[in-house]
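Visitor: First the structure, which I've put down as structure tokens, then a few questions once you've had a look.
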Amino acid sequence: MRSGAFGAQLGSVYSPSAPAWAEPSRAERSRATPNRTEANRNGTNPTEPSRTEPSHPLSVYRRLKMGGAVSAGEDNDELIDNLKEAQYIRTELVEQAFRAIDRADYYLEEFKDNAYKDLAWKHGNIHLSAPCIYSEVMEALDLQPGLSFLNLGSGTGYLSSMVGLILGPFGVNHGVELHSDVIEYAKQKLDFFIKTSDSFDKFEFCEPSFVIGNCLEISPDCTQYDRVYCGAGVQKEHEDYMKNLLKVGGILVMPLEEKLTKITRTGPSAWETKKILAVSFAPLIQPNHTDSGKSRLVHLPPVAVRSLQDLARIAIRGTIKKIIHQEAMSRAGNGLKNPPRFKRRRVRRRRMETIVFLDKEVFASRISSPSDDNNNSEDMDEERPEEEEETKPSELKPDPPVNFLREKVLSLPLPDPLKYYLLYYREK
């Protein structure tokens, strides 16, 4: 087995001598950085170098400003609320993408209890970076509809799927992953999202395509991309290689020399570099050349032109969404919003209990009052609904979300096969 073969997978963040998660460096965790930049000029502590050495098997990623951990959430929305409060998520597009995809869906069932913690997770070759790292990456990429994106070390596809929600139907979304079992896992999760998530109908999705290979062996004749992310540590000697994957005006985000770094290509040979935060990622695995000395080139998927049929589906779905939005605005303007539900307070009459002491013995008895006799039957009638309210608090819970697009499509006077085509053959 070659050196590092049991270390960092492409896009993972582990090495033979370190656990499998990327984290802010120890120097970053030990002090506050109010301006979200490194605390000293080179970003490291001269007496305590940055390295992957968490004090717990699931190390907590620290907030840059306050030096504390982002609190765990009870569910995906609460996790996003905490990331917003800590200013990891700062734009509406990124927030919408994070809320649309439940992080727990990308965990194995037995590990889902940790899905809403700001922790990295790894099981075998499957890995997820901490939410705060993904949110910093998404913000730094400055994603827009219609752009092309390359994810080097695509892993479970969680990040690629969130990016796809922003890129829209006319974007390009490619991923390169070293391990075939991880690609299979990512395809299963992608298929589950497309078939079952209502978020798929709320957005126009740019479906990611994954290929297997080492990202340092990408074919030199591949197309360039508007946005590139690398999820493993990039050595200095590979910096120019990564830069050449970018179009002019493009943005590259990658861990470079212990810093999560944003590089913008401002011209054919001009670049702007910004250090985002200190992190610890294991380095990329070096290519393993064949016996003949030749590398296995990675050929990225071609940029396919959509068929007229597919374009028609996108246009029809977009038109239906506009109609739904206009109807919703019309109802709101006419004051037809669903009125808030109030729980009716019920008055419950209580019987008077009397305790009678007789010598040294105690007897409990009930003394009826006229009002008690007159309202005995009413009491029973009132008590029963109250108990029902306690066991059925549905009045206070919001209605489950309605997939209006699906309902509208199914109500159209069209043949069923065409309806299901417009719904991408998705399950309810």
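In the structure tokens, the first chain shown is A, the next is B, and so on; residue numbers restart at 1 for each chain, and ligands run from 1 in the order shown.
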Do a neighbour search on Gln235 in chain A at 8 Å with only C-alpha atoms, toss out local chain neighbours closer than 2 positions, and write the hits as an MDAnalysis selection string.
Guide: chainID A and resid 233 237:239 256:257 283:284
Visitor: For range 180-189 of chain A, work out the shell of residues within 6 Å, counting only C-alpha atoms and skipping chain neighbours fewer than 5 positions away, then give it as a list in words.
Guide: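 Result of the neighbour search: Ile126, Thr156 and Gly157 of chain A.
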Visitor: Near Asn403 in chain A, within 9 Å and counting only C-alpha atoms, which residues show up once chain neighbours fewer than 3 positions away are dropped, as a PyMOL selection string?
Guide: chain A and resi 198+201-202+406-408
Visitor: If you take only C-alpha atoms and a cut-off of 12 Å, which residues of range 129-154 of chain A touch range 293-315 of chain A, and what are their nearest atom pairs and distances in Å to one decimal, in chain and number order, as CSV?
Guide:
residue,atom,partner,partner_atom,distance
A:Leu147,CA,A:Val303,CA,11.9
A:Ser148,CA,A:Val303,CA,9.4
A:Phe149,CA,A:Val303,CA,11.4
A:Leu150,CA,A:Leu300,CA,9.5
A:Asn151,CA,A:Leu300,CA,11.2
A:Leu152,CA,A:Leu300,CA,11.2
Visitor: Considering only C-alpha atoms, return as a VMD selection string whatever protein or nucleic-acid residues lie within 10 Å of Glu204 in chain A, sequence-local ones (same chain, fewer than 3 positions apart) excluded.
Guide: chain A and resid 145 164 to 170 199 to 201 207 314 317 to 318
Visitor: Residues as selected, N, CA and C atoms, written as a PDB file, in the first residue's frame, can you do that?
Guide:
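The new file part_5.pdb reads:
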ATOM      1  N   PRO A 145     -26.628  31.825  -9.535  1.00  0.00           N
ATOM      2  CA  PRO A 145     -27.244  30.936 -10.525  1.00  0.00           C
ATOM      3  C   PRO A 145     -26.491  30.944 -11.848  1.00  0.00           C
ATOM      4  N   GLY A 164     -25.874  23.003  -5.629  1.00  0.00           N
ATOM      5  CA  GLY A 164     -26.778  22.812  -6.751  1.00  0.00           C
ATOM      6  C   GLY A 164     -28.088  23.567  -6.611  1.00  0.00           C
ATOM      7  N   LEU A 165     -28.536  23.782  -5.370  1.00  0.00           N
ATOM      8  CA  LEU A 165     -29.765  24.551  -5.150  1.00  0.00           C
ATOM      9  C   LEU A 165     -29.590  26.012  -5.551  1.00  0.00           C
ATOM     10  N   ILE A 166     -28.374  26.512  -5.443  1.00  0.00           N
ATOM     11  CA  ILE A 166     -28.103  27.909  -5.798  1.00  0.00           C
ATOM     12  C   ILE A 166     -27.794  28.050  -7.281  1.00  0.00           C
ATOM     13  N   LEU A 167     -27.076  27.085  -7.855  1.00  0.00           N
ATOM     14  CA  LEU A 167     -26.677  27.190  -9.266  1.00  0.00           C
ATOM     15  C   LEU A 167     -27.869  27.156 -10.208  1.00  0.00           C
ATOM     16  N   GLY A 168     -28.907  26.418  -9.840  1.00  0.00           N
ATOM     17  CA  GLY A 168     -30.082  26.370 -10.698  1.00  0.00           C
ATOM     18  C   GLY A 168     -29.904  25.453 -11.889  1.00  0.00           C
ATOM     19  N   PRO A 169     -30.917  25.358 -12.753  1.00  0.00           N
ATOM     20  CA  PRO A 169     -30.916  24.354 -13.824  1.00  0.00           C
ATOM     21  C   PRO A 169     -29.894  24.596 -14.917  1.00  0.00           C
ATOM     22  N   PHE A 170     -29.349  25.798 -15.010  1.00  0.00           N
ATOM     23  CA  PHE A 170     -28.408  26.104 -16.085  1.00  0.00           C
ATOM     24  C   PHE A 170     -26.974  26.231 -15.582  1.00  0.00           C
ATOM     25  N   SER A 199     -37.869  20.178  -0.858  1.00  0.00           N
ATOM     26  CA  SER A 199     -36.955  21.254  -1.254  1.00  0.00           C
ATOM     27  C   SER A 199     -36.608  21.165  -2.732  1.00  0.00           C
ATOM     28  N   PHE A 200     -36.657  19.967  -3.274  1.00  0.00           N
ATOM     29  CA  PHE A 200     -36.366  19.808  -4.702  1.00  0.00           C
ATOM     30  C   PHE A 200     -37.353  20.600  -5.547  1.00  0.00           C
ATOM     31  N   ASP A 201     -38.615  20.677  -5.104  1.00  0.00           N
ATOM     32  CA  ASP A 201     -39.621  21.419  -5.849  1.00  0.00           C
ATOM     33  C   ASP A 201     -39.617  22.907  -5.523  1.00  0.00           C
ATOM     34  N   GLU A 207     -28.255  19.267 -10.690  1.00  0.00           N
ATOM     35  CA  GLU A 207     -27.864  17.964 -10.160  1.00  0.00           C
ATOM     36  C   GLU A 207     -26.359  17.737 -10.307  1.00  0.00           C
ATOM     37  N   ILE A 314     -38.484  22.562 -17.477  1.00  0.00           N
ATOM     38  CA  ILE A 314     -38.004  23.634 -16.605  1.00  0.00           C
ATOM     39  C   ILE A 314     -38.886  24.871 -16.744  1.00  0.00           C
ATOM     40  N   ARG A 317     -42.440  24.234 -15.142  1.00  0.00           N
ATOM     41  CA  ARG A 317     -42.365  24.268 -13.682  1.00  0.00           C
ATOM     42  C   ARG A 317     -42.148  25.698 -13.180  1.00  0.00           C
ATOM     43  N   GLY A 318     -41.325  26.459 -13.895  1.00  0.00           N
ATOM     44  CA  GLY A 318     -41.099  27.847 -13.499  1.00  0.00           C
ATOM     45  C   GLY A 318     -42.365  28.684 -13.616  1.00  0.00           C
TER      46      GLY A 318
END
Visitor: Could you check how far CA of Arg265 in chain A sits from CA of Gly249 in chain A, in Å to one decimal?
Guide: 5.1 Å
Visitor: Enumerate the residues of range 54-281 of chain A with a DSSP assignment of helix (DSSP H, G or I), computed from the backbone, and present them as a ChimeraX atom specification.
Guide: /A:76-85,92-100,103-106,109-114,131-141,158-167,180-196,199-202,215-217,236-243
Visitor: Run DSSP on the backbone of this structure and report the residues of range 163-215 of chain A it assigns to strand (DSSP E or B), as a list in words.
Guide: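 Going through range 163-215 of chain A, the strand (DSSP E or B) residues come out as Val172, Asn173, His174, Gly175, Val176, Glu177, Ser209, Phe210, Val211 and Ile212 of chain A.
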Visitor: As an mmCIF file with all heavy atoms, in the first residue's frame, please: the residues near range 78-93 of chain A (cut-off 6 Å, only C-alpha atoms, same-chain neighbours under 6 positions excluded).
Guide:
data_model
loop_
_atom_site.group_PDB
_atom_site.id
_atom_site.type_symbol
_atom_site.label_atom_id
_atom_site.label_comp_id
_atom_site.auth_asym_id
_atom_site.auth_seq_id
_atom_site.Cartn_x
_atom_site.Cartn_y
_atom_site.Cartn_z
ATOM 1 N N TYR A 116 -26.746 17.332 14.205
ATOM 2 C CA TYR A 116 -26.997 18.759 14.388
ATOM 3 C C TYR A 116 -26.006 19.404 15.359
ATOM 4 O O TYR A 116 -26.261 20.478 15.877
ATOM 5 C CB TYR A 116 -28.431 18.971 14.862
ATOM 6 C CG TYR A 116 -29.435 18.327 13.946
ATOM 7 C CD1 TYR A 116 -30.365 17.401 14.419
ATOM 8 C CD2 TYR A 116 -29.444 18.607 12.582
ATOM 9 C CE1 TYR A 116 -31.271 16.800 13.564
ATOM 10 C CE2 TYR A 116 -30.342 18.010 11.720
ATOM 11 C CZ TYR A 116 -31.259 17.095 12.229
ATOM 12 O OH TYR A 116 -32.152 16.496 11.386
ATOM 13 N N SER A 135 -20.216 26.298 5.946
ATOM 14 C CA SER A 135 -20.838 27.616 5.783
ATOM 15 C C SER A 135 -19.808 28.663 5.391
ATOM 16 O O SER A 135 -20.078 29.532 4.551
ATOM 17 C CB SER A 135 -21.576 28.019 7.062
ATOM 18 O OG SER A 135 -20.714 27.976 8.178
ATOM 19 N N GLU A 136 -18.605 28.600 5.961
ATOM 20 C CA GLU A 136 -17.538 29.530 5.556
ATOM 21 C C GLU A 136 -17.183 29.327 4.089
ATOM 22 O O GLU A 136 -16.965 30.278 3.348
ATOM 23 C CB GLU A 136 -16.298 29.324 6.428
ATOM 24 C CG GLU A 136 -16.402 29.903 7.832
ATOM 25 C CD GLU A 136 -16.288 31.417 7.851
ATOM 26 O OE1 GLU A 136 -16.222 32.044 6.768
ATOM 27 O OE2 GLU A 136 -16.270 31.985 8.953
#
Visitor: Could you give me, as a list of chain:residue names, the residues within 8 Å of Cys215 in chain A, counting only C-alpha atoms and dropping anything in the same chain fewer than 6 positions from it?
Guide: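 Result of the neighbour search: A:Leu10, A:Leu152, A:Gly153, A:Val176, A:Glu177, A:Leu178, A:Val298.
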Visitor: So which one's closest to Asn173 in chain A, A:Phe281, A:Tyr229, A:Phe192, A:Tyr420? Using only C-alpha atoms, please.
Guide: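 Ranked by minimum distance to Asn173 in chain A, first place goes to A:Tyr229.
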Visitor: Distance CA of Leu418 in chain A-CA of Ile320 in chain A, one decimal place?
Guide: 14.7 Å
Visitor: Mind giving me the straight-line distance from CA of Ala72 in chain A to CA of Asp191 in chain A in Å, one decimal?
Guide: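 Separation of CA of Ala72 in chain A and CA of Asp191 in chain A: 27.7 Å.
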